Amino acid sequence: MTKKEIVKTISDEIGLTQLKTKEIVQKTFDAIVDTLVEDTKANLSKGGGGALGRIELRNFGVFEVKRRAARKARNPRTGEKVFVGEKFVVTFKPGKEMEERVRNLESAPEPPTSPAPPSQDSPGFPQQPQGGQGGYGS
């Protein structure tokens, strides 16, 4: 689902215009990002470890900024050892309600299989020349 589809769904459900709904959705996303960034900066200045920025949305999940330590890695194409510097990553842990709803989904139906390729006896299957007419051995 895209942001545009989220906006349309919410707009249809609450009766706001898509333009106003888009503004609200975007402000919500901006607030999440801004809070994570500002909390991370504040915790870094205090020498914080662990989760540097954190937003908990009850019944939805938790966004956290975590520090990934510098490490040695290997370039998969060349096999050359490379140094990967420290970086910050955003993680998301779904809430209990989301976990349970997804876990309790019924098994998804098997995807439809593609039709079998036509056999030589099928109408429309290109026919090979019969007998000794025009083949390699004639």
# chains A, B, ... in the order shown; residues from 1 in each chain; ligands from 1
>>> residues_around(residues="range 83-88 of chain A", least_positions_apart="2", cutoff="6 Å", atoms="only C-alpha atoms", output="list in words")
Lys66, Arg67, Arg68, Ala69, Ala70, Arg71 and Lys72 of chain A
>>> select_by_dssp(residues="range 16-72 of chain A", states="strand (DSSP E or B)", output="short mmCIF file (atom, residue, chain, number, x, y, z; two decimals) with C-alpha atoms, in the first residue's frame")
data_model
loop_
_atom_site.label_atom_id
_atom_site.label_comp_id
_atom_site.auth_asym_id
_atom_site.auth_seq_id
_atom_site.Cartn_x
_atom_site.Cartn_y
_atom_site.Cartn_z
CA GLY A 53 15.55 7.82 19.71
CA ARG A 54 12.27 6.07 20.45
CA ILE A 55 8.61 6.50 19.56
CA GLU A 56 6.04 4.11 20.97
CA LEU A 57 2.63 4.02 19.32
CA GLY A 61 4.58 -0.57 17.38
CA VAL A 62 7.85 1.05 18.39
CA PHE A 63 10.30 2.94 16.17
CA GLU A 64 13.84 3.15 17.52
CA VAL A 65 17.11 4.61 16.32
CA LYS A 66 20.03 2.30 17.08
CA ARG A 67 23.75 2.61 16.55
CA ARG A 68 25.48 0.02 14.35
CA ARG A 71 32.99 -3.27 11.24
CA LYS A 72 35.05 -5.00 8.63
#
>>> residues_around(residues="range 95-102 of chain A", least_positions_apart="2", cutoff="6 Å", atoms="only C-alpha atoms", output="JSON, numbers by chain")
{"A": [59, 60, 61, 104, 105]}
>>> residues_around(residues="Lys8 in chain A", least_positions_apart="6", cutoff="9 Å", atoms="only C-alpha atoms", output="list in words")
Thr17, Gln18, Thr21 and Lys22 of chain A
>>> closest_residue(among="A:Thr2, A:Gly47, A:Leu52, A:Val90", to="Val33 in chain A", atoms="only C-alpha atoms")
A:Val90
